[in-house]
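Colleague: Here you go, my_file-v7.txt (compact mmCIF, C-alpha atoms):
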# COMPACT_ATOMS: atom_id res chain seq x y z
CA MET L 819 0.00 0.00 0.00
CA THR L 820 1.51 3.27 -1.02
CA THR L 821 1.11 6.24 1.23
CA THR L 822 1.27 9.80 0.14
CA PRO L 823 3.55 11.95 2.23
CA ASN L 824 2.05 14.90 4.01
CA PRO L 825 2.95 18.30 2.70
CA PRO L 826 5.62 20.02 4.70
CA ASP L 827 4.54 22.33 7.39
CA SER L 828 5.16 25.95 6.52
CA THR L 829 6.11 26.65 10.07
CA ASP L 830 8.70 23.86 10.27
CA PRO L 831 11.74 24.64 8.17
CA ARG L 832 13.30 21.27 8.75
CA PRO L 833 13.37 18.85 5.71
CA ALA L 834 11.40 15.74 5.64
CA ALA L 835 12.88 12.65 7.08
CA GLU L 836 12.43 10.67 3.90
CA PRO L 837 15.20 10.66 1.33
CA THR L 838 12.78 11.43 -1.44
CA PRO L 839 13.19 15.13 -2.36
CA PRO L 840 10.09 17.13 -1.93
CA GLN L 841 8.23 18.81 -4.73
CA TYR L 842 8.71 22.57 -4.38
CA PRO L 843 6.23 24.92 -5.85
CA GLN L 844 7.14 27.11 -8.81
CA GLN L 845 7.24 30.24 -6.69
CA PRO L 846 9.80 30.45 -3.87
CA PRO L 847 8.22 30.24 -0.53
CA ALA L 848 7.69 33.44 1.39
CA TYR L 849 10.08 33.54 4.27
CA PRO L 850 8.79 34.95 7.44
CA ALA L 851 10.01 38.45 8.31
CA GLY L 852 12.59 38.32 10.98
CA PRO L 853 12.93 40.67 13.89
CA ALA L 854 14.27 44.27 13.37
CA GLN L 855 17.71 43.37 14.55
CA GLN L 856 18.32 40.90 11.67
CA PRO L 857 20.79 42.32 9.10
CA ALA L 858 19.66 43.21 5.61
CA PRO L 859 20.38 40.76 2.78
CA PRO L 860 23.81 41.12 1.21
CA ALA L 861 24.25 43.05 -1.98
CA TYR L 862 25.06 40.98 -4.99
CA GLN L 863 26.22 42.09 -8.38
CA THR L 864 24.53 45.45 -8.23
CA GLN L 865 25.94 48.20 -5.97
CA PRO L 866 23.04 49.94 -4.34
CA ALA L 867 23.71 52.64 -1.77
CA PRO L 868 24.16 51.22 1.67
CA PRO L 869 21.21 51.72 3.96
CA ALA L 870 21.33 54.36 6.66
CA TYR L 871 21.95 52.64 9.91
CA PRO L 872 20.24 54.01 13.01
CA THR L 873 23.33 53.47 15.16
CA GLN L 874 26.75 55.12 14.98
CA SER L 875 28.52 51.83 14.24
CA ALA L 876 30.42 51.48 10.98
CA PRO L 877 28.78 49.47 8.15
CA PRO L 878 29.96 45.89 7.74
CA ALA L 879 32.67 45.20 5.25
CA TYR L 880 31.21 43.55 2.10
CA PRO L 881 33.14 41.57 -0.43
CA GLY L 882 34.01 43.15 -3.69
CA PRO L 883 35.41 46.55 -4.59
CA ALA L 884 35.02 49.44 -2.18
CA PRO L 885 32.04 51.66 -2.91
CA GLN L 886 32.80 54.95 -4.63
CA THR L 887 29.93 56.77 -2.99
CA PRO L 888 30.70 59.41 -0.27
CA PRO L 889 30.49 58.26 3.33
CA PRO L 890 27.05 58.37 4.93
CA ALA L 891 25.98 61.48 6.77
CA TYR L 892 25.86 60.80 10.46
CA PRO L 893 23.45 62.60 12.74
CA GLN L 894 24.79 65.86 14.15
CA PRO L 895 24.83 66.57 17.89
CA PRO L 896 22.19 68.90 19.29
CA ALA L 897 22.71 72.62 18.73
CA GLN L 898 23.05 73.40 22.42
CA HIS L 899 26.11 71.13 22.62
CA ALA L 900 27.77 72.37 19.46
CA ALA L 901 31.31 73.69 19.83
CA PRO L 902 31.71 77.40 19.15
CA ALA L 903 32.93 78.31 15.74
CA VAL L 904 36.67 79.05 15.76
CA PRO L 905 37.71 81.70 13.26
CA PRO L 906 40.49 80.62 10.97
CA GLN L 907 43.87 81.58 12.32
CA PRO L 908 46.28 83.25 9.93
CA GLN L 909 49.25 81.17 9.08
CA PRO L 910 52.40 82.54 10.75
CA GLN L 911 54.77 84.02 8.27
CA PRO L 912 58.36 82.86 8.46
CA ALA L 913 60.48 85.33 10.44
CA ILE L 914 62.76 87.41 8.25
CA PRO L 915 66.21 87.52 9.81
CA PRO L 916 67.35 91.10 10.48
CA ARG L 917 70.10 92.48 8.39
CA PRO L 918 73.45 92.37 10.13
CA THR L 919 74.21 95.81 11.51
CA VAL L 920 77.70 97.15 11.05
CA PRO L 921 79.00 98.54 14.40
CA ALA L 922 80.00 102.16 14.40
CA PRO L 923 83.74 102.57 13.98
CA LEU L 924 85.52 103.35 17.22
CA HIS L 925 87.41 106.56 17.71
CA ALA L 926 91.09 106.47 16.85
CA HIS L 927 91.90 107.21 20.49
CA HIS L 928 89.49 104.70 21.99
CA ILE L 929 91.00 102.39 24.60
CA SER L 930 89.75 99.20 26.16
CA THR L 931 88.56 99.47 29.76
CA ASP L 932 87.94 95.77 30.38
CA GLN L 933 88.79 94.58 33.85
CA ARG L 934 92.06 92.74 34.23
CA ARG L 935 94.60 91.77 36.82
CA VAL L 936 96.21 94.80 38.46
CA TYR L 937 99.69 94.83 39.99
CA LEU L 938 100.10 97.57 42.59
CA LYS L 939 103.43 99.17 43.28
CA ALA L 940 104.92 98.99 46.76
CA HIS L 941 105.59 102.77 46.73
CA GLN L 942 102.80 104.58 44.93
CA ARG L 943 103.81 108.13 45.94
CA HIS L 944 107.03 110.08 46.13
CA ALA L 945 108.25 113.66 46.13
CA ASP L 946 110.19 114.53 42.99
CA ALA L 947 112.48 117.53 42.48
CA THR L 948 109.64 119.91 41.62
CA ALA L 949 107.73 119.03 44.82
CA LEU L 950 110.82 119.53 46.97
CA GLY L 951 111.63 122.76 45.12
CA SER L 952 108.14 124.07 45.80
CA LEU L 953 108.53 123.39 49.53
CA LEU L 954 111.93 125.06 49.51
CA ILE L 955 110.54 128.20 47.86
CA TYR L 956 107.78 128.35 50.47
CA LEU L 957 110.34 128.25 53.28
CA PRO L 958 110.54 132.09 53.71
CA HIS L 959 106.74 132.20 53.86
CA PHE L 960 106.78 129.45 56.48
CA LEU L 961 109.29 131.27 58.68
CA SER L 962 107.40 134.54 58.36
CA SER L 963 104.18 132.77 59.27
CA LEU L 964 105.90 131.19 62.26
CA VAL L 965 106.87 134.66 63.52
CA VAL L 966 103.33 135.95 63.03
CA VAL L 967 101.76 132.94 64.78
CA SER L 968 104.21 133.23 67.67
CA LEU L 969 103.41 136.93 68.21
CA VAL L 970 99.68 136.32 68.08
CA SER L 971 99.96 133.34 70.45
CA LEU L 972 101.94 135.44 72.93
CA LEU L 973 99.34 138.20 72.84
CA VAL L 974 96.37 135.86 73.15
CA LEU L 975 97.61 132.87 75.18
CA GLY L 976 100.50 134.38 77.10
CA GLY L 977 102.43 131.60 78.80
CA LEU L 978 100.63 128.96 76.73
CA ALA L 979 101.86 130.39 73.45
CA PHE L 980 103.55 127.09 72.58
CA VAL L 981 100.09 125.46 72.43
CA GLY L 982 99.02 127.82 69.66
CA ILE L 983 102.28 127.30 67.77
CA LEU L 984 102.05 123.51 68.05
CA ALA L 985 98.41 123.51 66.92
CA TRP L 986 99.33 125.57 63.87
CA LEU L 987 102.18 123.22 62.95
CA LEU L 988 99.93 120.16 63.23
CA SER L 989 97.18 121.81 61.21
CA GLY L 990 99.11 121.00 58.03
CA LEU L 991 98.03 117.37 58.38
CA LEU L 992 94.50 118.44 57.53
CA VAL L 993 95.64 118.60 53.91
CA PHE L 994 95.43 114.78 53.87
CA HIS L 995 92.22 114.54 55.92
CA ARG L 996 89.37 113.29 53.71
CA PRO L 997 86.53 115.40 55.22
CA THR L 998 88.74 118.48 55.07
CA GLU L 999 89.59 117.67 51.46
CA GLY L 1000 85.88 117.52 50.68
CA THR L 1001 85.44 121.00 52.12
CA ILE L 1002 88.39 122.26 50.07
CA ALA L 1003 86.97 120.70 46.91
CA ARG L 1004 83.52 122.24 47.39
CA ARG L 1005 84.37 125.64 48.90
CA MET L 1006 87.71 126.53 47.34
CA LEU L 1007 87.69 124.67 44.02
CA GLY L 1008 83.95 124.69 43.25
CA LEU L 1009 83.72 120.93 42.65
CA ARG L 1010 80.85 118.51 43.21
CA HIS L 1011 80.36 114.75 43.41
CA PRO L 1012 79.66 113.02 40.06
CA THR L 1013 76.18 111.75 39.28
CA GLN L 1014 75.56 108.05 38.74
CA GLU L 1015 75.75 108.45 34.96
CA GLU L 1016 78.93 110.52 35.17
CA PHE L 1017 80.53 108.06 37.54
CA SER L 1018 79.67 105.10 35.27
CA ARG L 1019 81.59 106.81 32.46
CA LEU L 1020 84.45 108.16 34.55
CA ALA L 1021 85.19 105.19 36.81
CA PRO L 1022 86.21 102.62 34.12
CA VAL L 1023 88.61 105.12 32.54
CA TRP L 1024 90.11 105.96 35.92
CA GLN L 1025 90.48 102.24 36.70
CA GLU L 1026 92.43 101.76 33.46
CA VAL L 1027 94.72 104.71 34.19
CA THR L 1028 95.51 103.57 37.72
CA ALA L 1029 95.97 99.97 36.58
CA ARG L 1030 98.65 101.05 34.11
CA ALA L 1031 100.34 103.13 36.80
CA GLY L 1032 100.18 100.37 39.43
CA VAL L 1033 98.22 102.62 41.78
CA ASP L 1034 95.17 101.80 43.89
CA ALA L 1035 92.24 103.69 42.37
CA GLN L 1036 90.37 103.73 45.69
CA ASN L 1037 92.96 106.05 47.21
CA TYR L 1038 91.60 108.99 45.23
CA ALA L 1039 88.24 110.73 45.02
CA LEU L 1040 86.73 111.74 41.68
CA TRP L 1041 85.08 115.16 41.46
CA ILE L 1042 83.28 117.12 38.74
CA GLU L 1043 83.60 120.80 37.83
CA GLU L 1044 80.45 122.21 36.23
CA ASN L 1045 82.07 123.78 33.17
CA ASP L 1046 80.82 123.10 29.63
CA THR L 1047 83.23 125.44 27.85
CA ASP L 1048 86.69 124.65 29.22
CA LEU L 1049 88.72 121.48 28.71
CA ASN L 1050 90.45 121.21 32.05
CA ALA L 1051 91.16 119.01 35.07
CA VAL L 1052 92.62 119.53 38.52
CA ALA L 1053 94.63 117.61 41.12
CA ALA L 1054 94.62 119.02 44.65
CA ALA L 1055 95.42 118.09 48.24
CA GLY L 1056 96.23 114.44 48.76
CA HIS L 1057 93.37 112.67 46.99
CA ILE L 1058 91.31 115.10 44.85
CA VAL L 1059 91.03 114.46 41.09
CA GLY L 1060 88.58 116.75 39.32
CA VAL L 1061 87.56 117.06 35.68
CA THR L 1062 85.23 119.46 33.88
CA THR L 1063 81.94 118.36 32.35
CA PHE L 1064 83.25 119.50 28.97
CA ALA L 1065 86.15 117.06 29.12
CA LEU L 1066 83.91 114.28 30.47
CA ASN L 1067 81.22 114.61 27.79
CA ARG L 1068 83.23 115.67 24.73
CA LEU L 1069 86.44 113.66 24.84
CA PRO L 1070 86.74 110.01 23.78
CA ASN L 1071 87.73 107.73 26.59
CA GLY L 1072 91.37 107.56 25.45
CA GLU L 1073 91.83 111.34 25.58
CA LEU L 1074 89.93 111.50 28.86
CA ALA L 1075 92.32 108.87 30.21
CA ALA L 1076 95.27 111.02 29.09
CA VAL L 1077 93.89 113.99 31.04
CA LEU L 1078 93.37 111.84 34.14
CA ALA L 1079 96.84 110.31 33.79
CA HIS L 1080 98.29 113.83 33.74
CA GLU L 1081 96.51 114.67 37.00
CA LEU L 1082 97.61 111.37 38.51
CA GLY L 1083 101.17 112.37 37.68
CA HIS L 1084 100.75 115.43 39.90
CA HIS L 1085 99.68 113.17 42.79
CA VAL L 1086 102.36 110.54 42.24
CA GLY L 1087 105.09 113.19 42.03
CA GLY L 1088 103.86 115.01 45.13
CA HIS L 1089 103.08 118.26 43.30
CA ALA L 1090 99.49 118.55 44.55
CA TRP L 1091 100.08 118.10 48.28
CA ALA L 1092 103.35 120.10 48.27
CA SER L 1093 101.76 123.17 46.69
CA LEU L 1094 98.72 123.07 48.98
CA LEU L 1095 100.86 122.47 52.08
CA GLY L 1096 103.13 125.39 51.21
CA TYR L 1097 100.13 127.62 50.58
CA TRP L 1098 98.61 126.64 53.95
CA TYR L 1099 101.74 127.43 55.97
CA ALA L 1100 102.27 130.68 54.05
CA LEU L 1101 98.75 131.91 54.80
CA PRO L 1102 99.48 133.70 58.16
CA ALA L 1103 102.37 135.62 56.59
CA ARG L 1104 100.23 136.66 53.64
CA VAL L 1105 97.42 137.83 55.90
CA ALA L 1106 99.85 139.81 58.04
CA TYR L 1107 101.43 141.37 54.93
CA ARG L 1108 98.05 142.52 53.63
CA VAL L 1109 97.10 143.99 57.00
CA ILE L 1110 100.39 145.88 57.29
CA ARG L 1111 100.12 147.16 53.73
CA PHE L 1112 96.54 148.35 54.29
CA LEU L 1113 97.53 150.19 57.50
CA ALA L 1114 100.55 151.76 55.81
CA VAL L 1115 98.48 153.02 52.88
CA VAL L 1116 95.79 154.45 55.18
CA THR L 1117 98.42 156.15 57.38
CA LEU L 1118 100.16 157.72 54.42
CA ARG L 1119 96.91 159.04 53.00
CA VAL L 1120 95.87 160.54 56.32
CA ALA L 1121 99.26 162.15 56.75
CA ALA L 1122 99.16 163.55 53.21
CA VAL L 1123 95.85 165.26 54.01
CA PHE L 1124 97.33 167.23 56.90
CA SER L 1125 100.78 168.11 55.59
CA VAL L 1126 103.54 166.96 53.32
CA LEU L 1127 105.97 166.98 56.21
CA GLY L 1128 103.83 164.52 58.13
CA PHE L 1129 103.62 162.26 55.09
CA LEU L 1130 107.40 162.24 54.73
CA ALA L 1131 107.87 161.53 58.42
CA ILE L 1132 105.56 158.53 58.39
CA ALA L 1133 107.10 157.20 55.19
CA PHE L 1134 110.55 157.48 56.77
CA PHE L 1135 109.35 155.61 59.86
CA LEU L 1136 107.86 152.78 57.81
CA GLY L 1137 111.08 152.51 55.83
CA ILE L 1138 113.13 152.11 59.01
CA VAL L 1139 110.78 149.34 60.24
CA ALA L 1140 110.99 147.50 56.91
CA PHE L 1141 114.80 147.72 56.85
CA ALA L 1142 115.04 146.47 60.44
CA THR L 1143 112.76 143.54 59.63
CA ILE L 1144 114.80 142.55 56.59
CA THR L 1145 118.12 142.71 58.40
CA THR L 1146 116.75 140.87 61.42
CA LEU L 1147 115.46 137.98 59.26
CA TYR L 1148 118.67 137.87 57.19
CA GLY L 1149 116.99 139.11 54.03
CA LEU L 1150 114.32 136.40 53.90
CA PRO L 1151 111.50 138.90 53.29
CA LEU L 1152 113.23 139.87 50.05
CA LEU L 1153 112.96 136.27 48.92
CA ILE L 1154 109.22 136.52 49.41
CA LEU L 1155 109.12 139.15 46.68
CA ALA L 1156 110.80 136.76 44.24
CA ALA L 1157 108.78 133.73 45.36
CA PRO L 1158 105.88 134.14 42.87
CA TYR L 1159 108.27 133.96 39.90
CA ALA L 1160 110.11 130.99 41.33
CA LEU L 1161 106.85 129.17 42.10
CA ALA L 1162 105.62 129.82 38.55
CA ALA L 1163 108.80 128.32 37.12
CA VAL L 1164 108.47 125.25 39.34
CA GLY L 1165 104.81 124.95 38.35
CA ARG L 1166 105.72 124.91 34.65
CA ARG L 1167 108.26 122.20 35.32
CA ALA L 1168 105.68 120.18 37.24
CA GLU L 1169 103.31 120.32 34.26
CA LEU L 1170 105.98 118.90 31.97
CA ARG L 1171 106.69 116.11 34.45
CA ALA L 1172 102.98 115.26 34.63
CA ASP L 1173 102.88 115.13 30.82
CA GLN L 1174 105.81 112.72 30.84
CA HIS L 1175 104.01 110.56 33.39
CA ALA L 1176 100.95 110.30 31.13
CA ALA L 1177 103.13 109.59 28.08
CA ALA L 1178 105.01 106.84 29.91
CA LEU L 1179 101.67 105.10 30.55
CA GLY L 1180 100.96 105.00 26.80
CA PHE L 1181 98.79 108.10 26.45
CA ALA L 1182 101.20 110.31 24.47
CA PRO L 1183 99.10 110.45 21.23
CA MET L 1184 95.91 111.12 23.19
CA LEU L 1185 97.56 113.86 25.26
CA ALA L 1186 98.97 115.48 22.11
CA SER L 1187 95.46 115.55 20.62
CA VAL L 1188 94.13 117.21 23.77
CA LEU L 1189 96.89 119.83 23.63
CA HIS L 1190 96.06 120.57 20.00
CA GLN L 1191 92.40 121.09 20.95
CA MET L 1192 93.35 123.38 23.82
CA HIS L 1193 95.64 125.37 21.52
CA GLY L 1194 92.83 125.73 18.98
CA ALA L 1195 90.42 126.90 21.66
CA ASP L 1196 92.92 129.49 22.90
CA GLN L 1197 93.47 130.79 19.37
CA ALA L 1198 89.73 131.05 18.78
CA ALA L 1199 89.28 132.98 22.04
CA LYS L 1200 92.07 135.36 21.09
CA GLN L 1201 90.52 135.97 17.67
CA GLN L 1202 87.14 136.72 19.20
CA ALA L 1203 88.74 139.11 21.68
CA ALA L 1204 90.60 140.83 18.82
CA LEU L 1205 87.40 141.21 16.80
CA ALA L 1206 85.60 142.64 19.83
CA ALA L 1207 88.43 145.10 20.46
CA ARG L 1208 88.49 146.11 16.79
CA ALA L 1209 84.74 146.70 16.86
CA ALA L 1210 85.20 148.89 19.96
CA GLY L 1211 88.03 150.81 18.28
CA THR L 1212 90.75 149.60 20.66
CA ARG L 1213 93.64 147.17 20.54
CA LEU L 1214 94.41 144.23 22.71
CA PRO L 1215 97.47 144.73 24.93
CA LYS L 1216 100.33 142.44 24.13
CA GLU L 1217 101.35 139.88 26.68
CA SER L 1218 104.21 141.28 28.68
CA ALA L 1219 107.37 139.43 29.61
CA MET L 1220 106.40 139.72 33.27
CA ALA L 1221 103.13 137.92 32.59
CA LYS L 1222 105.00 135.12 30.85
CA LEU L 1223 107.25 134.74 33.89
CA LEU L 1224 104.21 134.43 36.15
CA ALA L 1225 102.50 131.78 33.97
CA THR L 1226 102.05 128.54 35.87
CA HIS L 1227 101.63 126.42 32.69
CA PRO L 1228 104.00 126.25 29.72
CA ASP L 1229 102.62 127.09 26.30
CA HIS L 1230 101.26 124.29 24.15
CA HIS L 1231 104.19 124.30 21.73
CA THR L 1232 106.60 123.65 24.59
CA ARG L 1233 104.51 120.80 25.93
CA LEU L 1234 104.17 119.21 22.48
CA HIS L 1235 107.91 119.54 21.96
CA HIS L 1236 108.61 117.59 25.16
CA LEU L 1237 106.18 114.85 24.02
CA GLN L 1238 108.03 114.19 20.77
CA PRO L 1239 110.19 111.32 22.12
CA TRP L 1240 106.99 109.36 22.91
CA LEU L 1241 105.31 110.24 19.61
CA GLN L 1242 108.12 108.92 17.42
CA PRO L 1243 107.71 105.31 16.19
CA GLN L 1244 109.85 102.97 18.22
CA PRO L 1245 112.26 100.71 16.30
CA PRO L 1246 111.52 96.99 16.55
CA ARG L 1247 113.57 95.13 19.10
Go ahead and render the structure in this file as structure tokens.

Modeller:
Amino acid sequence: MTTTPNPPDSTDPRPAAEPTPPQYPQQPPAYPAGPAQQPAPPAYQTQPAPPAYPTQSAPPAYPGPAPQTPPPAYPQPPAQHAAPAVPPQPQPQPAIPPRPTVPAPLHAHHISTDQRRVYLKAHQRHADATALGSLLIYLPHFLSSLVVVSLVSLLVLGGLAFVGILAWLLSGLLVFHRPTEGTIARRMLGLRHPTQEEFSRLAPVWQEVTARAGVDAQNYALWIEENDTDLNAVAAAGHIVGVTTFALNRLPNGELAAVLAHELGHHVGGHAWASLLGYWYALPARVAYRVIRFLAVVTLRVAAVFSVLGFLAIAFFLGIVAFATITTLYGLPLLILAAPYALAAVGRRAELRADQHAAALGFAPMLASVLHQMHGADQAAKQQAALAARAAGTRLPKESAMAKLLATHPDHHTRLHHLQPWLQPQPPR
């Protein structure tokens, strides 16, 4: 008996147990729709656009060539969480290297002021022949002052006159007292302390000068003279070195060093303290001389008013007193009359020695340039004075021989002549 197999159940996808293949209908069976999470059927030969996936996951990789379509548009975040728009930043341009600047050429008389090792001399001061000569010339003044101080001490102190004499003798040490030197610099010489800017320019040059001389720079005090028209400097007392603002601001550092080296030569040779010490001990004699001269002139004028005979009598009396004084002091008062000329001659010699000191330190060309400038300034001043006198209808008086004898500085031609040995090129050794 042959049995007909039952048709397969549409809900049971399993095949029939019998080996006989089933008879499928002409139309493919309708497969039941799966749940939403089942993937879509794969794409075959055609290349349709991939479906938009609801999630942010990347689409599965399919076999075959990569699609040429643009990537799918993903949902954008909400507007309230959007990042603020950043304006486009300009691209930085490559930095252009600056052109190399050519340094300004240094002055021909510029010197290096770099710090270096300094060797100090064991004896940094001495008294040369000009310093000793100055003290010797002041000797008559000193003895005259000693007489004056002794008489005044006897009149004022009586039996304690030696106290006044001893105090006056010891007062010469004040020349080397720093506070007293400051008073001398301000009151007598019209100097002031340098500003910070002035000191920053002056100090390195002074350090170089003292280093070449083997002298401690701290032993001296730098001062400024407020003078914008005169190229000048000064050395006084035991430690004063002053320079004008004109020299400080107008000269290159090499020429300024030459000026300072010249003033240092006055200190090293003892010219500065010897001249000030002699002037100090000669002061009582000079004051007494002026008082006596004033009284004599007044007495003679009063006597001349009353009668000529009285004038002659007083003049005769004063002559006898002067002669007795000269003979008593062995003619020393007569030396006082010649002292100004002798001191001027010694002063000129001291200037030449200070020039030689600066030249020996290597500043001869710089010092010669300074002397040329000073000579030019003097000539210009003389020409202006001549023009002013010509406009006024007068003539300038010629310099007398007496004025030349009283000059404390030699003329510029003489100073340049004495610098010639240092200005000549030295033969190679």

Colleague: Could you check which of L:Leu1130, L:Leu1170, L:Leu1113, L:Leu1082 is closest to Arg1030 in chain L, using all atoms listed in the file?

Modeller: L:Leu1082

Colleague: As a JSON list (two decimals) with C-alpha atoms, in the frame of the given file, please: the residues near Asp1196 in chain L (cut-off 12 Å, all atoms listed in the file, same-chain neighbours under 6 positions excluded).

Modeller:
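The result, written out as out_2.json:
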[["chain", "number", "residue", "atom", "x", "y", "z"],
["L", 1047, "THR", "CA", 83.23, 125.44, 27.85],
["L", 1048, "ASP", "CA", 86.69, 124.65, 29.22],
["L", 1049, "LEU", "CA", 88.72, 121.48, 28.71],
["L", 1189, "LEU", "CA", 96.89, 119.83, 23.63],
["L", 1190, "HIS", "CA", 96.06, 120.57, 20.00],
["L", 1202, "GLN", "CA", 87.14, 136.72, 19.20],
["L", 1203, "ALA", "CA", 88.74, 139.11, 21.68],
["L", 1229, "ASP", "CA", 102.62, 127.09, 26.30],
["L", 1230, "HIS", "CA", 101.26, 124.29, 24.15]]

Colleague: Which of these, L:Pro1012, L:Gly1072, L:Pro1102, L:Gly1087, has the shortest distance to Trp986 in chain L once you count all atoms listed in the file?

Modeller: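 Among the listed residues, the smallest separation from Trp986 in chain L belongs to L:Pro1102.
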
Colleague: Just how far from CA of His1089 in chain L is CA of Thr948 in chain L, in Å to one decimal?

Modeller: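 About the pair CA of Thr948 in chain L and CA of His1089 in chain L: they are 7.0 Å apart.
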
Colleague: Given the choices L:Gly1096, L:Pro1215, L:Gly1194, L:Pro1158, which gets closest to Ala949 in chain L if the distance is worked out from only C-alpha atoms?

Modeller: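 Of the candidates, the smallest distance to Ala949 in chain L is held by L:Gly1096.
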
Colleague: May I ask which of the residues L:Leu992, L:Ala1186, L:Leu950, L:Leu1020 is the closest one to Ala1092 in chain L, counting all atoms listed in the file?

Modeller: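 The closest residue to Ala1092 in chain L is L:Leu950.
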
Colleague: Could you state the separation of CA of Ala1221 in chain L and CA of Ala1156 in chain L in Å, given to one decimal place?

Modeller: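 CA of Ala1221 in chain L sits 14.0 Å away from CA of Ala1156 in chain L.
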
Colleague: Report, in Å with one decimal, the straight-line distance from CA of Ile1144 in chain L to CA of Val1115 in chain L.

Modeller: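 Computing the Euclidean distance for CA of Ile1144 in chain L and CA of Val1115 in chain L yields 19.7 Å.
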
Colleague: Find the axis-aligned box for range 936-950 of chain L, covering all its listed atoms and adding 8 Å on each side, and write its centre and edge lengths in Å to one decimal as JSON.

Modeller:
{"center_x": 104.3, "center_y": 107.4, "center_z": 42.7, "size_x": 32.3, "size_y": 41.1, "size_z": 24.5}

Colleague: Neighbouring residues of Val966 in chain L were defined as those with any atom within 9 Å, considering all atoms listed in the file; residues of the same chain fewer than 5 positions away were excluded. Please report them as an MDAnalysis selection string.

Modeller: chainID L and resid 961 971 1102:1103 1106
